[in-house]
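The next block is query_1.txt, given as compact mmCIF, C-alpha atoms.
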# COMPACT_ATOMS: atom_id res chain seq x y z
CA MET W 27 0.00 0.00 0.00
CA THR W 28 1.39 3.40 -1.02
CA ASN W 29 1.58 6.46 1.20
CA ILE W 30 -1.21 8.07 -0.85
CA GLN W 31 -3.47 5.05 -0.27
CA ARG W 32 -2.84 5.24 3.48
CA ILE W 33 -4.15 8.83 3.77
CA PRO W 34 -7.89 8.02 3.59
CA ILE W 35 -7.45 5.25 6.18
CA ILE W 36 -5.59 7.57 8.55
CA LEU W 37 -8.23 10.23 7.98
CA LEU W 38 -11.05 7.79 8.75
CA ILE W 39 -9.31 6.64 11.93
CA THR W 40 -8.83 10.27 13.03
CA ILE W 41 -12.50 11.06 12.38
CA ALA W 42 -13.61 7.92 14.22
CA ILE W 43 -11.48 8.77 17.26
CA ALA W 44 -12.88 12.30 17.29
CA LEU W 45 -16.46 11.06 17.03
CA PHE W 46 -16.05 8.55 19.84
CA SER W 47 -14.22 11.07 22.01
CA TYR W 48 -16.80 13.87 21.56
CA PRO W 49 -19.48 12.46 23.90
CA ALA W 50 -16.84 11.99 26.60
CA MET W 51 -15.56 15.54 26.15
CA ALA W 52 -19.09 16.92 26.06
CA ALA W 53 -19.89 15.06 29.28
CA GLU W 54 -16.97 16.60 31.17
CA LYS W 55 -19.17 18.73 33.38
CA ILE W 56 -18.96 19.23 37.10
CA LYS W 57 -21.58 16.93 38.56
CA VAL W 58 -23.35 18.80 41.35
CA VAL W 59 -25.81 17.36 43.85
CA THR W 60 -27.73 19.78 46.06
CA THR W 61 -29.97 18.95 48.97
CA THR W 62 -32.64 21.54 48.04
CA THR W 63 -34.05 23.05 44.87
CA ASP W 64 -33.17 26.65 45.74
CA LEU W 65 -29.50 25.66 45.88
CA ALA W 66 -29.94 23.73 42.63
CA SER W 67 -31.49 26.74 40.92
CA ILE W 68 -28.58 28.99 41.85
CA ALA W 69 -25.97 26.35 41.00
CA ARG W 70 -27.50 25.94 37.54
CA TYR W 71 -27.49 29.67 36.94
CA VAL W 72 -23.92 30.22 38.13
CA GLY W 73 -22.55 27.00 36.63
CA GLY W 74 -24.26 27.34 33.26
CA ASP W 75 -23.27 24.71 30.72
CA LYS W 76 -20.25 23.66 32.79
CA VAL W 77 -22.34 21.86 35.40
CA GLU W 78 -24.87 19.09 35.65
CA VAL W 79 -27.08 19.68 38.68
CA THR W 80 -29.32 17.25 40.57
CA SER W 81 -31.44 18.19 43.58
CA LEU W 82 -32.33 15.48 46.06
CA ALA W 83 -35.52 17.25 47.16
CA THR W 84 -38.20 18.24 44.68
CA GLY W 85 -39.32 21.39 46.51
CA ARG W 86 -42.63 19.87 47.56
CA GLU W 87 -41.41 18.23 50.77
CA ASP W 88 -40.96 19.40 54.33
CA PRO W 89 -37.15 19.74 54.40
CA HIS W 90 -37.06 18.61 58.03
CA HIS W 91 -38.49 15.19 57.22
CA ILE W 92 -36.63 13.92 54.15
CA ALA W 93 -35.63 10.27 54.24
CA ALA W 94 -32.30 8.82 53.04
CA LYS W 95 -33.49 7.12 49.86
CA PRO W 96 -31.27 4.74 47.85
CA THR W 97 -31.79 7.03 44.83
CA TYR W 98 -30.08 9.83 46.78
CA MET W 99 -27.04 7.62 47.35
CA ILE W 100 -26.90 6.76 43.65
CA ALA W 101 -27.05 10.45 42.73
CA ALA W 102 -24.29 11.27 45.22
CA ARG W 103 -22.04 8.42 44.08
CA GLU W 104 -20.88 10.19 40.92
CA ALA W 105 -20.99 13.75 42.28
CA ASP W 106 -18.01 16.08 42.12
CA LEU W 107 -19.68 18.60 44.41
CA TRP W 108 -22.24 18.19 47.18
CA ILE W 109 -23.99 21.41 48.25
CA ARG W 110 -26.03 21.61 51.42
CA ILE W 111 -27.97 24.26 53.35
CA GLY W 112 -26.29 23.26 56.60
CA MET W 113 -27.20 24.47 60.09
CA GLU W 114 -28.40 20.89 60.69
CA LEU W 115 -31.28 21.08 58.20
CA GLU W 116 -30.06 17.85 56.57
CA ILE W 117 -28.93 16.17 59.78
CA GLY W 118 -31.56 13.41 59.52
CA TYR W 119 -30.43 12.03 56.17
CA GLU W 120 -27.15 13.53 54.99
CA PRO W 121 -24.75 11.23 56.93
CA LEU W 122 -26.59 8.15 55.65
CA VAL W 123 -26.53 9.38 52.05
CA LEU W 124 -22.85 10.32 52.14
CA ASP W 125 -21.89 6.99 53.72
CA GLY W 126 -24.06 5.09 51.26
CA SER W 127 -22.58 6.89 48.26
CA ARG W 128 -19.03 5.73 49.09
CA ASN W 129 -17.83 8.85 47.33
CA GLU W 130 -14.73 10.20 49.07
CA LYS W 131 -14.77 13.38 46.95
CA ILE W 132 -17.84 14.77 48.71
CA ARG W 133 -17.02 13.93 52.30
CA ILE W 134 -17.36 16.73 54.87
CA GLY W 135 -14.14 18.71 54.89
CA SER W 136 -13.29 17.99 51.26
CA GLU W 137 -13.38 20.49 48.39
CA GLY W 138 -16.30 18.52 46.99
CA HIS W 139 -18.47 19.28 50.02
CA LEU W 140 -19.93 22.78 50.32
CA ASP W 141 -21.97 24.12 53.23
CA THR W 142 -23.45 27.38 51.95
CA SER W 143 -24.44 28.64 55.40
CA SER W 144 -20.91 29.78 56.21
CA GLY W 145 -21.33 33.36 55.00
CA VAL W 146 -25.04 34.04 55.31
CA LEU W 147 -26.92 36.38 57.64
CA ARG W 148 -28.42 34.23 60.40
CA LEU W 149 -31.52 34.72 62.50
CA GLU W 150 -32.76 33.09 65.71
CA VAL W 151 -29.40 31.75 66.85
CA PRO W 152 -30.07 30.38 70.36
CA THR W 153 -28.26 32.09 73.21
CA GLN W 154 -28.90 29.19 75.56
CA LYS W 155 -28.29 25.47 75.46
CA VAL W 156 -30.71 23.71 73.12
CA ASP W 157 -32.53 20.53 74.11
CA ARG W 158 -35.44 18.54 72.69
CA SER W 159 -37.93 20.11 75.12
CA MET W 160 -37.65 23.27 73.02
CA GLY W 161 -38.97 21.52 69.90
CA ASP W 162 -37.17 21.49 66.57
CA VAL W 163 -34.75 24.31 67.43
CA HIS W 164 -31.46 24.43 65.52
CA PRO W 165 -28.37 25.26 67.62
CA GLN W 166 -26.78 27.25 64.78
CA GLY W 167 -29.87 29.32 64.06
CA ASN W 168 -32.91 29.16 61.79
CA PRO W 169 -31.81 27.22 58.66
CA HIS W 170 -34.41 28.67 56.27
CA TYR W 171 -32.07 31.49 55.30
CA MET W 172 -32.63 31.12 51.56
CA LEU W 173 -35.96 32.95 52.02
CA ASP W 174 -33.95 36.15 52.30
CA PRO W 175 -32.91 37.17 48.75
CA LEU W 176 -29.77 38.78 50.16
CA ASN W 177 -28.69 35.38 51.42
CA GLY W 178 -29.39 33.96 47.95
CA ARG W 179 -27.00 36.60 46.60
CA ILE W 180 -24.36 35.57 49.14
CA VAL W 181 -24.82 31.86 48.43
CA ALA W 182 -24.39 32.43 44.69
CA LYS W 183 -20.91 33.84 45.35
CA THR W 184 -20.05 30.93 47.64
CA ILE W 185 -21.06 28.44 44.94
CA ALA W 186 -19.21 30.32 42.18
CA ARG W 187 -16.00 30.32 44.21
CA ARG W 188 -16.16 26.59 44.85
CA LEU W 189 -16.91 25.81 41.21
CA ALA W 190 -13.90 27.93 40.23
CA LYS W 191 -11.75 25.98 42.68
CA LEU W 192 -12.88 22.67 41.19
CA ALA W 193 -12.51 23.88 37.60
CA PRO W 194 -10.07 26.84 37.57
CA GLU W 195 -10.00 26.84 33.78
CA HIS W 196 -13.63 28.05 33.88
CA ALA W 197 -13.19 30.58 36.71
CA ALA W 198 -13.83 33.61 34.49
CA TYR W 199 -16.97 31.96 33.13
CA PHE W 200 -18.35 31.35 36.62
CA THR W 201 -17.54 34.93 37.63
CA GLU W 202 -19.50 36.32 34.69
CA ARG W 203 -22.43 34.01 35.43
CA LEU W 204 -22.37 35.14 39.06
CA LYS W 205 -22.47 38.80 38.02
CA ALA W 206 -25.43 38.11 35.74
CA PHE W 207 -27.33 36.28 38.48
CA ARG W 208 -26.71 39.00 41.05
CA LYS W 209 -27.75 41.72 38.62
CA GLU W 210 -31.01 39.94 37.81
CA LEU W 211 -31.73 39.35 41.50
CA ASP W 212 -30.90 42.98 42.38
CA GLU W 213 -33.13 44.29 39.59
CA HIS W 214 -36.02 42.22 40.89
CA MET W 215 -35.39 43.57 44.39
CA PHE W 216 -34.84 47.28 43.65
CA GLY W 217 -35.76 47.84 39.99
CA LYS W 218 -33.51 48.10 36.93
CA GLU W 219 -33.01 51.86 36.87
CA LEU W 220 -31.23 52.24 40.19
CA VAL W 221 -29.29 48.99 39.86
CA ASN W 222 -27.86 50.24 36.56
CA LYS W 223 -27.14 53.67 38.00
CA ILE W 224 -25.89 52.91 41.53
CA GLY W 225 -25.19 49.18 41.57
CA GLY W 226 -26.93 46.38 43.39
CA GLY W 227 -24.21 46.01 46.01
CA LYS W 228 -24.54 49.62 47.12
CA LEU W 229 -28.33 49.40 47.25
CA TRP W 230 -28.13 46.34 49.49
CA GLU W 231 -25.60 48.10 51.68
CA TYR W 232 -27.92 51.10 52.16
CA GLN W 233 -30.90 48.83 52.75
CA LEU W 234 -29.06 46.85 55.43
CA LYS W 235 -28.21 50.06 57.26
CA GLY W 236 -31.80 51.30 57.04
CA ARG W 237 -30.70 54.29 54.99
CA LEU W 238 -31.83 53.35 51.49
CA GLU W 239 -34.48 56.00 50.93
CA THR W 240 -32.55 58.64 52.88
CA VAL W 241 -29.44 58.17 50.77
CA LEU W 242 -31.40 58.10 47.53
CA GLY W 243 -33.25 61.30 48.36
CA LYS W 244 -35.20 62.49 45.33
CA GLU W 245 -34.09 59.39 43.41
CA LYS W 246 -36.11 57.09 45.68
CA GLY W 247 -38.97 57.50 43.21
CA ALA W 248 -36.95 55.32 40.84
CA LEU W 249 -37.10 52.36 43.24
CA GLY W 250 -39.00 49.35 41.94
CA GLY W 251 -39.19 45.59 42.25
CA TRP W 252 -40.01 43.61 45.38
CA TYR W 253 -38.91 46.49 47.58
CA VAL W 254 -41.59 48.85 46.27
CA LYS W 255 -44.30 46.18 46.26
CA MET W 256 -43.71 45.27 49.90
CA ASN W 257 -42.80 48.71 51.25
CA PRO W 258 -46.43 49.83 51.83
CA HIS W 259 -46.84 46.89 54.22
CA LEU W 260 -43.86 47.61 56.47
CA GLY W 261 -44.59 46.66 60.06
CA LYS W 262 -47.86 44.92 59.29
CA LYS W 263 -48.69 42.01 61.54
CA MET W 264 -49.15 38.41 60.51
CA ILE W 265 -48.96 34.97 62.02
CA THR W 266 -47.24 31.94 60.53
CA TYR W 267 -47.73 28.21 60.89
CA HIS W 268 -44.03 27.45 61.47
CA ARG W 269 -40.87 29.54 61.90
CA ASN W 270 -39.79 28.90 58.30
CA TRP W 271 -40.76 32.43 57.19
CA SER W 272 -38.56 34.39 59.61
CA TYR W 273 -36.08 35.49 56.95
CA PHE W 274 -38.74 36.60 54.46
CA VAL W 275 -40.58 38.49 57.19
CA HIS W 276 -37.37 40.14 58.37
CA ARG W 277 -36.17 41.19 54.93
CA PHE W 278 -39.45 42.84 53.98
CA GLY W 279 -40.11 44.46 57.34
CA LEU W 280 -43.20 42.50 58.34
CA ASN W 281 -44.10 41.53 61.89
CA ALA W 282 -44.78 37.85 62.65
CA THR W 283 -46.35 37.99 66.10
CA MET W 284 -47.10 34.31 66.65
CA GLN W 285 -46.89 30.78 65.19
CA LEU W 286 -49.61 28.16 65.21
CA GLU W 287 -47.05 25.64 66.43
CA PRO W 288 -46.48 26.08 70.19
CA LYS W 289 -42.86 25.05 69.60
CA PRO W 290 -41.06 24.49 66.28
CA GLY W 291 -42.12 21.18 64.79
CA ILE W 292 -44.88 20.53 67.36
CA PRO W 293 -48.39 20.48 65.78
CA PRO W 294 -50.89 22.88 67.36
CA SER W 295 -53.18 21.40 70.00
CA PRO W 296 -56.83 22.51 70.47
CA GLY W 297 -55.67 24.64 73.39
CA ARG W 298 -53.00 26.30 71.28
CA LEU W 299 -55.50 27.05 68.52
CA THR W 300 -57.83 28.69 71.05
CA GLU W 301 -54.90 30.86 72.16
CA VAL W 302 -54.04 31.77 68.55
CA ILE W 303 -57.65 32.63 67.72
CA GLN W 304 -57.87 34.99 70.67
CA HIS W 305 -54.54 36.58 69.72
CA VAL W 306 -55.71 37.18 66.14
CA LYS W 307 -58.91 38.81 67.37
CA ASP W 308 -57.16 40.96 69.96
CA GLN W 309 -54.42 42.13 67.59
CA LYS W 310 -56.71 42.40 64.54
CA ILE W 311 -54.27 40.34 62.46
CA GLU W 312 -55.34 39.88 58.86
CA VAL W 313 -52.85 37.44 57.31
CA LEU W 314 -51.61 33.92 58.13
CA ILE W 315 -48.88 32.42 55.94
CA MET W 316 -48.00 28.76 55.67
CA ALA W 317 -45.79 26.55 53.51
CA ASN W 318 -47.82 24.48 51.07
CA TYR W 319 -46.44 21.16 52.35
CA PHE W 320 -48.34 21.56 55.65
CA SER W 321 -51.96 20.53 56.16
CA ARG W 322 -54.36 23.47 55.99
CA GLN W 323 -56.71 22.04 58.62
CA ALA W 324 -55.49 24.08 61.61
CA CYS W 325 -55.05 27.25 59.52
CA ASP W 326 -58.55 26.96 58.08
CA LEU W 327 -59.99 26.50 61.57
CA VAL W 328 -58.37 29.78 62.66
CA ALA W 329 -59.70 31.44 59.50
CA GLU W 330 -63.25 30.24 60.16
CA GLN W 331 -63.16 31.69 63.67
CA THR W 332 -61.46 35.01 62.85
CA GLY W 333 -61.78 35.83 59.16
CA ILE W 334 -58.00 35.87 58.75
CA THR W 335 -56.70 35.25 55.20
CA VAL W 336 -54.65 32.07 54.86
CA VAL W 337 -51.87 32.48 52.29
CA GLU W 338 -50.46 29.17 51.16
CA LEU W 339 -46.94 29.72 49.81
CA PRO W 340 -44.34 27.65 47.96
CA MET W 341 -41.15 27.53 49.96
CA PHE W 342 -38.85 26.21 47.25
CA PRO W 343 -38.54 26.29 43.48
CA GLY W 344 -40.51 23.34 42.14
CA ALA W 345 -43.12 23.46 44.91
CA ILE W 346 -45.64 24.70 42.34
CA PRO W 347 -45.24 24.82 38.53
CA GLU W 348 -44.89 28.62 38.45
CA ALA W 349 -41.93 28.55 40.86
CA THR W 350 -39.51 27.65 38.09
CA ASP W 351 -36.37 29.04 39.74
CA TYR W 352 -35.12 30.99 42.75
CA ILE W 353 -36.06 34.43 41.44
CA ALA W 354 -39.46 33.29 40.19
CA LEU W 355 -40.12 31.93 43.69
CA PHE W 356 -39.77 35.41 45.20
CA ASP W 357 -41.97 36.90 42.49
CA ILE W 358 -44.71 34.55 43.71
CA LEU W 359 -44.08 35.10 47.43
CA VAL W 360 -44.12 38.88 47.13
CA GLU W 361 -47.17 38.94 44.89
CA ARG W 362 -49.26 36.64 47.11
CA VAL W 363 -48.39 38.34 50.40
CA MET W 364 -48.86 41.82 48.92
CA SER W 365 -52.21 40.82 47.43
CA ALA W 366 -53.39 39.32 50.74
CA TYR W 367 -52.88 42.65 52.53
CA GLU W 368 -54.33 44.73 49.72
CA ASN W 369 -57.43 42.55 49.50
CA LYS W 370 -57.97 43.20 53.20
CA GLY W 371 -57.88 46.91 52.44
CA GLY W 372 -54.52 47.39 54.16
Kindly present the structure from the file in structure tokens form.
Amino acid sequence: MTNIQRIPIILLITIAIALFSYPAMAAEKIKVVTTTTDLASIARYVGGDKVEVTSLATGREDPHHIAAKPTYMIAAREADLWIRIGMELEIGYEPLVLDGSRNEKIRIGSEGHLDTSSGVLRLEVPTQKVDRSMGDVHPQGNPHYMLDPLNGRIVAKTIARRLAKLAPEHAAYFTERLKAFRKELDEHMFGKELVNKIGGGKLWEYQLKGRLETVLGKEKGALGGWYVKMNPHLGKKMITYHRNWSYFVHRFGLNATMQLEPKPGIPPSPGRLTEVIQHVKDQKIEVLIMANYFSRQACDLVAEQTGITVVELPMFPGAIPEATDYIALFDILVERVMSAYENKGG
């Protein structure tokens, strides 16, 4: 066989190698497993086409009562990065899933294990020793911190940094994706005009110090987004079923005066409901919010006795079809709570 005759054969072999190698190259994504769908939503946004993200939860469950399913262990087995809420939210199933996965890359303390609670703003951190008589109280504070959009902004940076550490060749890509996510979140919070003019970081800084409108002066009329929708309801009272709304209530300046549960995780007794009903009547409270994974029975009983409006809310992306991602979730939360107050004439 001449050299000229060999060329087509060599060419065919080269093409074949390239074709067989392409799926492998295309599949070289960072495999991410998150415990909750809000973390998954942010990881997908920040990671873009460099990640493959799986959430163990669907968004429709009570995050306190998730079981360690074999499917979770299978998902974790091939993961490059495990992302958790932390603050003991996953304490009931995470150790079993990690042990069952036999994946050393995602063990606690490794680069493949990320606890996103490390840099967030925490509420309800106990100042005394916690024991079971106090109910489902978390020693490190209330773990439902993702219901504060500022914490979502912080978590996005935490995830971007870890992705960059695992895949430094894509660090610039993750940084740009992070900027895009934060800008979109900030625009939903404060409106596009001021975010473009002043910057989302500065607006959050002013808001945290309680000086946003003072600093803006005449420009405060340009405020928009969730801030403007919720601002007319600052200080308004509500009650909640469980303490999972503390961060949302805090961020938007509402006042949760009571929970139906006598202690976190303890269902309300008839005596407790009588106490709540009297409280609602005395304080003239108009709104009760609850996560949609709880039974409405106790809430509806309070509503029948007082006329209070029960607002059933998704707590995670995926909890209802419209809650397609983390930002869409807050669109729904703000709209439903705002509408509940406005329909009461408040």
Quick one, how far is atom CA of Gly344 of chain W from atom CA of Phe356 of chain W?
12.5 Å
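The list of residues with at least one atom within 10 Å of segment 293-304 of chain W, based on all atoms listed in the file and without residues fewer than 6 positions apart in the same chain, reads W:Ile265, W:Tyr267, W:His268, W:Met284, W:Gln285, W:Leu286, W:Glu287, W:Lys310, W:Ile311, W:Ala324, W:Cys325, W:Leu327, W:Val328, W:Ala329, W:Glu330, W:Gln331, W:Thr332, W:Ile334.
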One residue among W:Ala101, W:Thr61, W:Val151, W:Glu137 is nearest to Ile117 of chain W when using all atoms listed in the file, and that residue is W:Thr61
re atom CA of Lys183 of chain W and atom CA of Ala69 of chain W: distance 10.0 Å
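Atom to atom, atom CA of Ser272 of chain W and atom CA of His170 of chain W stand 7.8 Å apart.
With only C-alpha atoms as the atoms that count, the minimum distance from Ile109 of chain W to the choices W:Leu65, W:Ala206, W:Leu122, W:Leu192 is reached by W:Leu65.
Closest approach to Phe274 of chain W from the set W:Glu120, W:Asp174, W:Asp106, W:Glu54 is made by W:Asp174, with distances taken over all atoms listed in the file.
Of the listed residues (W:Leu176, W:Ala190, W:Ile56, W:Ala197), W:Leu176 comes nearest to Ile353 of chain W; the distances count only C-alpha atoms.
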Distance criterion (all atoms listed in the file): nearest to Arg148 of chain W out of W:Asn369, W:Asn177, W:Asn129, W:Thr97
W:Asn177
Exercise: segment 187-189 of chain W partners within 9 Å, only C-alpha atoms, chain neighbours under 2 positions left out, as a ChimeraX atom specification
/W:56,72-73,77,107,137-138,140,182-185,191-194,196-197,200-201
For Ser67 of chain W, which residue among W:Gly145, W:Ala317, W:Ala349, W:Gly167 is the nearest when counting only C-alpha atoms?
W:Ala349
Anything within 9 Å of (-39.4, 31.1, 42.8): list those residues as an NGL selection string, counting only C-alpha atoms and sticking to the file's coordinates.
:W and (64 or 340-346 or 348-359)
Expected file contents, prior selection, C-alpha atoms, as a short mmCIF file (atom, residue, chain, number, x, y, z; two decimals), in the coordinates of the input:
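For reference, result12.cif as written:
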data_model
loop_
_atom_site.label_atom_id
_atom_site.label_comp_id
_atom_site.auth_asym_id
_atom_site.auth_seq_id
_atom_site.Cartn_x
_atom_site.Cartn_y
_atom_site.Cartn_z
CA ASP W 64 -33.17 26.65 45.74
CA PRO W 340 -44.34 27.65 47.96
CA MET W 341 -41.15 27.53 49.96
CA PHE W 342 -38.85 26.21 47.25
CA PRO W 343 -38.54 26.29 43.48
CA GLY W 344 -40.51 23.34 42.14
CA ALA W 345 -43.12 23.46 44.91
CA ILE W 346 -45.64 24.70 42.34
CA GLU W 348 -44.89 28.62 38.45
CA ALA W 349 -41.93 28.55 40.86
CA THR W 350 -39.51 27.65 38.09
CA ASP W 351 -36.37 29.04 39.74
CA TYR W 352 -35.12 30.99 42.75
CA ILE W 353 -36.06 34.43 41.44
CA ALA W 354 -39.46 33.29 40.19
CA LEU W 355 -40.12 31.93 43.69
CA PHE W 356 -39.77 35.41 45.20
CA ASP W 357 -41.97 36.90 42.49
CA ILE W 358 -44.71 34.55 43.71
CA LEU W 359 -44.08 35.10 47.43
#
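Surrounding residues of (-47.6, 26.6, 50.9) at most 8 Å away are Ile315, Met316, Ala317, Asn318, Tyr319, Phe320, Val337, Glu338, Leu339, Pro340 and Met341 of chain W (based on all atoms listed in the file).
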Size and centre in Å, one decimal, axis-aligned box, all listed segment 221-239 of chain W atoms plus 6 Å per side, as JSON:
{"center_x": -29.3, "center_y": 51.0, "center_z": 46.9, "size_x": 22.3, "size_y": 22.0, "size_z": 32.7}
